[in-house]
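Structure data follow from work-v5.txt (compact mmCIF, C-alpha atoms):
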```txt
# COMPACT_ATOMS: atom_id res chain seq x y z
CA MET A 1 -3.74 -13.40 14.69
CA THR A 2 -5.66 -16.04 16.64
CA PRO A 3 -7.10 -15.30 20.10
CA ARG A 4 -5.35 -17.21 22.87
CA LYS A 5 -8.08 -18.73 24.94
CA SER A 6 -6.64 -21.38 27.26
CA VAL A 7 -7.45 -20.30 30.80
CA SER A 8 -6.39 -20.83 34.39
CA LEU A 9 -9.45 -19.86 36.42
CA VAL A 10 -9.28 -18.55 39.99
CA LEU A 11 -12.55 -18.54 41.93
CA GLY A 12 -12.74 -16.56 45.15
CA SER A 13 -14.64 -16.93 48.41
CA GLY A 14 -17.82 -15.06 49.27
CA GLY A 15 -20.65 -17.42 50.19
CA ALA A 16 -23.79 -17.25 48.07
CA ARG A 17 -22.22 -14.68 45.77
CA GLY A 18 -20.22 -17.66 44.51
CA TYR A 19 -23.18 -18.58 42.32
CA ALA A 20 -21.79 -15.83 40.07
CA HIS A 21 -18.91 -18.23 39.35
CA ILE A 22 -21.39 -20.45 37.52
CA GLY A 23 -22.38 -17.61 35.21
CA VAL A 24 -18.74 -16.74 34.52
CA ILE A 25 -17.89 -20.35 33.64
CA ARG A 26 -20.89 -20.58 31.33
CA TRP A 27 -19.92 -17.38 29.49
CA LEU A 28 -16.32 -18.57 29.05
CA LEU A 29 -17.44 -21.88 27.60
CA GLN A 30 -19.99 -20.22 25.32
CA ASN A 31 -17.30 -17.93 23.94
CA GLY A 32 -14.61 -20.45 23.11
CA TYR A 33 -12.41 -20.30 26.21
CA GLU A 34 -10.85 -23.58 27.33
CA ILE A 35 -10.56 -23.90 31.11
CA ARG A 36 -7.49 -26.03 31.81
CA SER A 37 -7.06 -25.48 35.52
CA ILE A 38 -9.01 -24.13 38.48
CA ALA A 39 -7.95 -22.92 41.91
CA GLY A 40 -10.80 -22.17 44.27
CA CYS A 41 -11.43 -21.07 47.81
CA SER A 42 -14.61 -21.78 49.80
CA MET A 43 -17.60 -21.35 47.44
CA GLY A 44 -15.08 -20.99 44.62
CA ALA A 45 -13.71 -24.43 45.47
CA LEU A 46 -17.21 -25.88 45.50
CA VAL A 47 -18.29 -24.46 42.13
CA GLY A 48 -14.87 -25.04 40.55
CA GLY A 49 -14.62 -28.61 41.78
CA ILE A 50 -18.11 -29.49 40.61
CA TYR A 51 -17.35 -28.01 37.18
CA ALA A 52 -14.09 -29.97 36.99
CA ALA A 53 -16.08 -33.13 37.71
CA GLY A 54 -18.43 -32.39 34.79
CA LYS A 55 -21.49 -31.89 37.01
CA LEU A 56 -22.05 -28.13 36.89
CA ASP A 57 -25.35 -28.32 34.99
CA GLU A 58 -26.83 -30.78 37.49
CA TYR A 59 -25.63 -28.68 40.44
CA THR A 60 -26.98 -25.47 38.90
CA GLU A 61 -30.41 -26.98 38.31
CA TRP A 62 -30.51 -28.26 41.89
CA SER A 63 -29.34 -24.92 43.34
CA ILE A 64 -31.88 -22.84 41.45
CA ALA A 65 -34.69 -25.09 42.70
CA LEU A 66 -33.72 -24.52 46.36
CA GLY A 67 -35.86 -22.18 48.43
CA LYS A 68 -35.20 -21.00 51.98
CA PHE A 69 -37.19 -23.89 53.44
CA GLU A 70 -35.18 -26.49 51.51
CA ILE A 71 -31.91 -24.79 52.50
CA PHE A 72 -32.83 -24.95 56.20
CA ARG A 73 -33.43 -28.68 55.85
CA LEU A 74 -29.79 -29.09 54.76
CA LEU A 75 -28.45 -27.58 57.99
CA ASP A 76 -27.15 -29.95 60.67
CA PRO A 77 -26.48 -28.27 64.07
CA ALA A 78 -23.15 -29.17 65.67
CA PHE A 79 -24.15 -28.31 69.27
CA GLY A 80 -20.93 -26.68 70.40
CA ALA A 81 -18.43 -28.78 68.44
CA GLY A 82 -16.38 -25.84 67.17
CA GLY A 83 -19.05 -24.38 64.90
CA LEU A 84 -22.78 -23.95 64.45
CA LEU A 85 -23.08 -26.59 61.72
CA LYS A 86 -21.38 -29.91 60.99
CA GLY A 87 -21.69 -29.47 57.23
CA GLU A 88 -22.12 -33.21 56.70
CA ARG A 89 -25.69 -33.08 55.45
CA ILE A 90 -25.03 -30.66 52.62
CA ILE A 91 -21.84 -32.45 51.53
CA ASN A 92 -23.49 -35.89 51.68
CA THR A 93 -26.45 -34.53 49.71
CA LEU A 94 -24.10 -33.28 46.99
CA ARG A 95 -22.21 -36.58 46.99
CA GLU A 96 -25.45 -38.47 46.44
CA LEU A 97 -26.64 -36.03 43.79
CA LEU A 98 -23.42 -35.66 41.82
CA GLY A 99 -21.17 -38.55 42.85
CA ASP A 100 -17.71 -38.20 44.36
CA CYS A 101 -14.35 -38.73 42.66
CA GLN A 102 -10.63 -38.38 43.29
CA ILE A 103 -9.12 -35.00 42.45
CA GLU A 104 -6.20 -36.62 40.65
CA GLU A 105 -8.66 -38.32 38.29
CA LEU A 106 -10.29 -35.06 37.15
CA PRO A 107 -9.78 -34.07 33.50
CA LEU A 108 -8.23 -30.75 34.51
CA LYS A 109 -5.98 -29.50 37.29
CA PHE A 110 -7.92 -28.55 40.43
CA THR A 111 -6.76 -27.01 43.71
CA ALA A 112 -8.95 -26.34 46.74
CA VAL A 113 -7.43 -23.91 49.23
CA ALA A 114 -7.96 -24.34 52.98
CA THR A 115 -6.34 -23.16 56.23
CA ASP A 116 -4.58 -25.34 58.81
CA ILE A 117 -6.02 -23.97 62.07
CA ASP A 118 -3.14 -25.32 64.19
CA SER A 119 -0.12 -24.33 62.08
CA GLN A 120 -1.90 -21.27 60.59
CA GLU A 121 -0.66 -22.33 57.16
CA GLU A 122 -2.30 -22.20 53.76
CA VAL A 123 -3.08 -25.69 52.47
CA TRP A 124 -3.48 -26.65 48.81
CA ILE A 125 -5.57 -29.79 48.42
CA GLU A 126 -4.79 -31.46 45.10
CA HIS A 127 -5.45 -35.13 45.83
CA GLY A 128 -8.03 -37.35 47.49
CA SER A 129 -11.82 -37.06 47.63
CA LEU A 130 -13.18 -34.03 45.78
CA PHE A 131 -15.93 -33.43 48.31
CA ASP A 132 -13.57 -33.83 51.26
CA ALA A 133 -11.48 -31.04 49.73
CA ILE A 134 -14.56 -28.91 49.19
CA ARG A 135 -15.79 -29.53 52.75
CA ALA A 136 -12.43 -28.38 54.13
CA SER A 137 -12.34 -25.26 51.96
CA ILE A 138 -15.87 -24.11 52.90
CA ALA A 139 -15.41 -24.47 56.67
CA ILE A 140 -16.25 -20.87 57.56
CA PRO A 141 -15.14 -20.19 61.16
CA THR A 142 -18.00 -20.29 63.72
CA VAL A 143 -20.39 -21.48 60.98
CA PHE A 144 -18.94 -24.91 60.09
CA THR A 145 -16.85 -27.16 62.30
CA PRO A 146 -13.22 -27.74 61.24
CA PHE A 147 -12.64 -30.65 58.86
CA THR A 148 -9.81 -33.14 59.36
CA HIS A 149 -7.94 -33.96 56.14
CA ASP A 150 -4.65 -35.90 56.07
CA GLY A 151 -4.39 -35.43 59.83
CA ARG A 152 -4.75 -31.64 59.71
CA ARG A 153 -7.65 -29.61 61.11
CA LEU A 154 -8.73 -27.35 58.27
CA LEU A 155 -10.92 -24.27 57.98
CA ASP A 156 -12.02 -21.98 55.16
CA GLY A 157 -9.15 -21.03 52.85
CA GLY A 158 -10.42 -17.46 52.83
CA LEU A 159 -8.72 -16.93 56.18
CA VAL A 160 -5.34 -16.84 54.42
CA ASN A 161 -6.02 -16.56 50.68
CA PRO A 162 -9.55 -15.58 49.58
CA LEU A 163 -8.58 -15.33 45.88
CA PRO A 164 -5.84 -17.95 45.36
CA VAL A 165 -3.89 -16.98 42.26
CA GLU A 166 -0.65 -18.64 43.41
CA PRO A 167 -1.68 -22.28 42.68
CA VAL A 168 -2.01 -21.50 38.95
CA LEU A 169 1.06 -19.31 38.46
CA GLN A 170 3.08 -22.12 36.84
CA ASP A 171 0.28 -23.24 34.52
CA ASP A 172 0.97 -23.40 30.79
CA THR A 173 -2.08 -21.38 29.81
CA ASP A 174 -2.62 -18.13 27.94
CA LEU A 175 -4.66 -16.28 30.53
CA THR A 176 -5.25 -16.27 34.26
CA ILE A 177 -8.78 -15.06 34.96
CA ALA A 178 -9.78 -14.40 38.56
CA VAL A 179 -13.32 -13.90 39.83
CA SER A 180 -13.45 -11.83 43.01
CA LEU A 181 -16.63 -11.84 45.08
CA SER A 182 -15.46 -8.79 47.02
CA GLY A 183 -15.73 -6.10 44.35
CA ARG A 184 -16.52 -2.46 44.95
CA PRO A 185 -20.05 -2.02 46.35
CA GLU A 186 -22.70 -1.13 43.81
CA PRO A 187 -26.47 -0.90 43.81
CA PRO A 188 -27.81 -4.47 43.42
CA ARG A 189 -28.42 -5.20 39.77
CA VAL A 190 -29.71 -8.41 38.30
CA ALA A 191 -30.82 -9.27 34.80
CA ALA A 192 -34.44 -8.21 34.51
CA GLU A 193 -34.80 -10.13 31.26
CA ASP A 194 -33.96 -13.48 32.88
CA PRO A 195 -37.13 -15.37 33.85
CA PRO A 196 -37.42 -16.85 37.34
CA PRO A 197 -36.92 -20.62 37.68
CA GLU A 198 -39.95 -22.70 36.84
CA ASP A 199 -42.06 -23.58 39.84
CA THR A 200 -45.44 -25.03 40.58
CA SER A 201 -48.09 -22.85 42.20
CA GLU A 202 -48.21 -25.19 45.17
CA THR A 203 -44.45 -25.02 45.77
CA LEU A 204 -44.42 -21.28 45.16
CA SER A 205 -47.21 -20.81 47.68
CA LYS A 206 -45.25 -22.78 50.28
CA ARG A 207 -42.12 -20.74 49.63
CA GLU A 208 -44.05 -17.50 49.89
CA ARG A 209 -45.43 -18.54 53.27
CA VAL A 210 -41.96 -19.47 54.49
CA ARG A 211 -40.55 -16.19 53.17
CA GLU A 212 -43.27 -14.18 54.91
CA PHE A 213 -42.61 -16.02 58.16
CA LEU A 214 -38.85 -15.42 57.97
CA ASN A 215 -39.33 -11.75 57.15
CA GLU A 216 -41.70 -11.36 60.08
CA MET A 217 -39.24 -13.03 62.45
CA GLN A 218 -36.39 -10.84 61.19
CA GLU A 219 -38.39 -7.67 61.72
CA ARG A 220 -39.44 -8.81 65.18
CA PHE A 221 -35.82 -9.51 66.07
CA LYS A 222 -34.81 -6.03 64.96
CA ARG A 223 -37.63 -4.43 66.97
CA ASP A 224 -36.70 -6.35 70.09
CA LYS A 225 -32.98 -5.54 70.02
CA PRO A 226 -31.71 -2.76 72.35
CA GLY A 227 -31.33 0.45 70.43
CA ASN A 228 -32.93 -1.11 67.34
CA GLU A 229 -29.52 -1.78 65.75
CA LYS A 230 -29.54 -2.57 62.04
CA ASP A 231 -27.26 -5.61 62.13
CA SER A 232 -27.81 -8.88 63.94
CA PRO A 233 -24.83 -10.56 65.67
CA PHE A 234 -24.69 -13.04 62.78
CA ASP A 235 -24.53 -10.17 60.28
CA LEU A 236 -21.71 -8.57 62.25
CA VAL A 237 -19.69 -11.80 62.37
CA SER A 238 -20.09 -12.42 58.64
CA SER A 239 -19.27 -8.80 57.79
CA SER A 240 -16.17 -8.93 60.01
CA ILE A 241 -14.89 -12.08 58.30
CA GLU A 242 -15.49 -10.56 54.88
CA THR A 243 -13.68 -7.35 55.88
CA MET A 244 -10.65 -9.38 56.91
CA GLN A 245 -10.73 -11.45 53.71
CA ASN A 246 -11.07 -8.36 51.51
CA THR A 247 -7.97 -6.83 53.08
CA ILE A 248 -5.94 -10.05 52.67
CA ALA A 249 -7.03 -10.44 49.06
CA ALA A 250 -6.07 -6.87 48.19
CA LEU A 251 -2.58 -7.33 49.65
CA LYS A 252 -1.98 -10.64 47.86
CA LEU A 253 -3.20 -9.31 44.52
CA GLU A 254 -0.57 -6.59 44.64
CA THR A 255 2.13 -9.25 44.31
CA THR A 256 0.29 -11.83 42.17
CA PRO A 257 -2.26 -10.06 39.98
CA PRO A 258 -4.21 -12.12 37.40
CA ASP A 259 -4.33 -11.17 33.74
CA VAL A 260 -8.05 -10.46 33.96
CA MET A 261 -10.17 -9.66 37.00
CA ILE A 262 -13.94 -10.07 37.05
CA SER A 263 -15.33 -8.32 40.13
CA VAL A 264 -18.68 -9.15 41.72
CA PRO A 265 -19.94 -6.30 43.96
CA ARG A 266 -19.66 -7.43 47.57
CA ASN A 267 -23.01 -5.87 48.51
CA ILE A 268 -24.97 -7.71 45.83
CA ALA A 269 -25.97 -10.42 48.32
CA MET A 270 -25.24 -11.55 51.86
CA PHE A 271 -23.06 -14.65 52.01
CA TYR A 272 -25.95 -16.80 53.34
CA GLU A 273 -28.54 -15.88 50.66
CA PHE A 274 -28.31 -19.21 48.86
CA HIS A 275 -31.93 -18.98 47.71
CA ARG A 276 -30.86 -16.39 45.09
CA ALA A 277 -28.98 -18.79 42.81
CA ALA A 278 -30.76 -17.87 39.57
CA GLU A 279 -30.19 -14.13 39.72
CA LEU A 280 -26.61 -14.41 40.98
CA THR A 281 -25.75 -16.87 38.21
CA SER A 282 -27.17 -14.40 35.68
CA LEU A 283 -25.14 -11.62 37.26
CA GLY A 284 -21.90 -13.57 36.85
CA HIS A 285 -22.70 -14.25 33.19
CA ARG A 286 -23.30 -10.55 32.55
CA LEU A 287 -20.17 -9.41 34.40
CA ALA A 288 -18.05 -11.84 32.38
CA ALA A 289 -19.55 -10.45 29.17
CA GLU A 290 -18.93 -6.87 30.31
CA THR A 291 -15.31 -7.58 31.26
CA LEU A 292 -14.25 -9.87 28.42
CA GLY A 293 -16.85 -9.40 25.70
CA SER A 294 -16.41 -5.64 25.44
CA GLY A 295 -12.72 -5.96 24.67
CA LYS A 296 -11.73 -4.74 28.13
CA GLY A 297 -9.52 -7.51 29.43
CA ALA A 298 -9.97 -9.51 26.23
CA PRO A 299 -7.63 -12.43 25.51
CA ALA A 300 -4.22 -11.56 24.18
CA THR A 301 -3.40 -12.45 20.60
CA SER A 302 -0.50 -14.32 19.11
```

Write the structure described by the file as structure tokens, please.
Amino acid sequence: MTPRKSVSLVLGSGGARGYAHIGVIRWLLQNGYEIRSIAGCSMGALVGGIYAAGKLDEYTEWSIALGKFEIFRLLDPAFGAGGLLKGERIINTLRELLGDCQIEELPLKFTAVATDIDSQEEVWIEHGSLFDAIRASIAIPTVFTPFTHDGRRLLDGGLVNPLPVEPVLQDDTDLTIAVSLSGRPEPPRVAAEDPPPEDTSETLSKRERVREFLNEMQERFKRDKPGNEKDSPFDLVSSSIETMQNTIAALKLETTPPDVMISVPRNIAMFYEFHRAAELTSLGHRLAAETLGSGKGAPATS
């Protein structure tokens, strides 16, 4: 009886929590699973596409090195053009760092899911520039401007399908494994044994000063708000979008459930906390081990 380990991998949307996808992929590869296809939405499309292009290690190293200050430098204001950010700077940075390619030339099947804002249809992008597809799939409403692809104005695929199982339903693989970034809330838990990324004292000092400044500004904003509400308008918008996506995902999963579900607690990080790459990657690795390594949801046998 040999374990069946060929996998169709579905990577969901959820902003910075998507770093957990990296940990899941690493665990699968370390334990003999063969990823033959990937369908991803938003951050799932970004991580999945970069893995399909063979550049996940380079991207992970770059992501872990980012602090809040470096992340802010990647933001390019759109000044009222349908979103807060154009998204060009981050995509161009990744293109320069990792190199672009055509989706049809990838060694495995890849689908990025986006939303046509005009027709309100789900769009599967399976050809053309990899980073164009990723840019379309990550276009969170109000945050990024829409992206035009093949003449269609596209936004984040999470608006219609936050965990896109359907693109892999016809795959000739043994298992469909989905990674949801909207799991049941739990107390934040990260691997205490994992060391922080290496850093120089000079860079660390700079990051600490930036962190202190940001914390001070956040506290000042909270003090100055009427009624001292807990959430900022930005927090409310992001939480509202996630609430909508969670409901859509739950309904879709009732009709197209994967063979195995790995759930990342939705309260483990806010979707914009991209400076937490190291701990969220470790979390994904541990959750994959807990779900698959313990025998719960283990591969079927033949």

If we count all atoms listed in the file, what is near segment 141-151 of chain A at a cut-off of 9 Å, once residues fewer than 2 positions away on the same chain are taken out, given as a compact mmCIF listing (two decimals) with C-alpha atoms, in the coordinates of the input?
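The new file around.txt reads:
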```
# COMPACT_ATOMS: atom_id res chain seq x y z
CA ALA A 78 -23.15 -29.17 65.67
CA ALA A 81 -18.43 -28.78 68.44
CA GLY A 82 -16.38 -25.84 67.17
CA GLY A 83 -19.05 -24.38 64.90
CA LEU A 84 -22.78 -23.95 64.45
CA LEU A 85 -23.08 -26.59 61.72
CA LYS A 86 -21.38 -29.91 60.99
CA GLY A 87 -21.69 -29.47 57.23
CA ILE A 117 -6.02 -23.97 62.07
CA ASP A 132 -13.57 -33.83 51.26
CA ALA A 133 -11.48 -31.04 49.73
CA ARG A 135 -15.79 -29.53 52.75
CA ALA A 136 -12.43 -28.38 54.13
CA SER A 137 -12.34 -25.26 51.96
CA ILE A 138 -15.87 -24.11 52.90
CA ALA A 139 -15.41 -24.47 56.67
CA ARG A 153 -7.65 -29.61 61.11
CA LEU A 154 -8.73 -27.35 58.27
CA LEU A 155 -10.92 -24.27 57.98
CA ASP A 156 -12.02 -21.98 55.16
CA LEU A 159 -8.72 -16.93 56.18
CA VAL A 237 -19.69 -11.80 62.37
CA ILE A 241 -14.89 -12.08 58.30
```

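Comparing the minimum interatomic distances between Ser180 of chain A and each of A:Ser6, A:Arg26, A:Gly12, A:Ala249, counting all atoms listed in the file, we find that A:Gly12 sits nearest.
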
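Distance check against Thr255 of chain A using only C-alpha atoms: of A:Glu279, A:Glu166, A:Glu186, A:Asp171, the minimum falls on A:Glu166.
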
Please return the centre and edge lengths, in Å to one decimal, of a box with edges along x, y and z that contains all listed atoms of segment 131-150 of chain A, widened by 3 Å on every side, as lines of an AutoDock Vina configuration file.
```
center_x = -12.5
center_y = -28.0
center_z = 56.0
size_x = 21.7
size_y = 21.7
size_z = 21.4
```

#### Entry: Gap from atom CA of Tyr272 of chain A to atom CA of Arg95 of chain A - Å, one decimal
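So the answer is 21.1 Å.
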
Which segment 97-168 of chain A residues have any atom within 6 Å of an atom of segment 28-44 of chain A, and for each, what is the nearest pair of atoms with distance in Å to one decimal, counting all atoms listed in the file, rows sorted by chain and number, as JSON lines?
```
{"residue": "A:Leu108", "atom": "CA", "partner": "A:Arg36", "partner_atom": "CA", "distance": 5.5}
{"residue": "A:Lys109", "atom": "CA", "partner": "A:Ser37", "partner_atom": "CA", "distance": 4.5}
{"residue": "A:Phe110", "atom": "CA", "partner": "A:Ile38", "partner_atom": "CA", "distance": 5.0}
{"residue": "A:Thr111", "atom": "CA", "partner": "A:Ala39", "partner_atom": "CA", "distance": 4.6}
{"residue": "A:Ala112", "atom": "CA", "partner": "A:Gly40", "partner_atom": "CA", "distance": 5.2}
{"residue": "A:Val113", "atom": "CA", "partner": "A:Cys41", "partner_atom": "CA", "distance": 5.1}
{"residue": "A:Ser137", "atom": "CA", "partner": "A:Ser42", "partner_atom": "CA", "distance": 4.7}
{"residue": "A:Ile138", "atom": "CA", "partner": "A:Ser42", "partner_atom": "CA", "distance": 4.1}
{"residue": "A:Asp156", "atom": "CA", "partner": "A:Ser42", "partner_atom": "CA", "distance": 6.0}
{"residue": "A:Gly157", "atom": "CA", "partner": "A:Cys41", "partner_atom": "CA", "distance": 5.5}
```

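Coordinates place atom CA of Val160 of chain A at a distance of 11.9 Å from atom CA of Glu242 of chain A.
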
### Query
So what do you get for atom CA of His127 of chain A versus atom CA of Ile103 of chain A, distance-wise?
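Distance reported for this atom pair: 5.0 Å.
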
### Query
Using only C-alpha atoms, which of the listed residues (A:Val24, A:Gly183, A:Glu70, A:Leu97) sits closest to Ala289 of chain A?
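For Ala289 of chain A, the nearest of the given residues is A:Val24.
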
### Task
Can you work out which one of A:Ser182, A:Trp27, A:Leu11, A:Ser129 has the shortest atom-to-atom distance to Val47 of chain A, counting all atoms listed in the file?
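Checking each of A:Ser182, A:Trp27, A:Leu11, A:Ser129 against Val47 of chain A, counting all atoms listed in the file, the winner is A:Leu11.
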
### Message
When you look at Lys252 of chain A with a cut-off of 10 Å (counting all atoms listed in the file), what residues show up, excluding the ones that are within fewer than 2 positions of it in the same chain? I need them as a ChimeraX atom specification.
### Response
/A:160-166,247-250,254-257

### Query
Out of A:Thr115, A:Thr291, A:Thr93, A:Asn246, which residue has the shortest atom-to-atom distance to Arg266 of chain A when counting only C-alpha atoms?
A:Asn246

### Nearest to Glu104 of chain A, chosen from A:Gly48, A:Ile125, A:Pro77, A:Glu61, with all atoms listed in the file counted in the distances
A:Ile125

### Message
Set the distance at 10 Å and use all atoms listed in the file: which residues neighbour Thr60 of chain A once local chain neighbours fewer than 6 positions away are removed? I'd like the list as a PyMOL selection string.
### Response
chain A and resi 19+22-23+47+50+277-278+281

#### Entry: Expected answer as a count of residues only: all residues with atoms within 12 Å of (-15.8, -40.1, 37.4), all atoms listed in the file
17
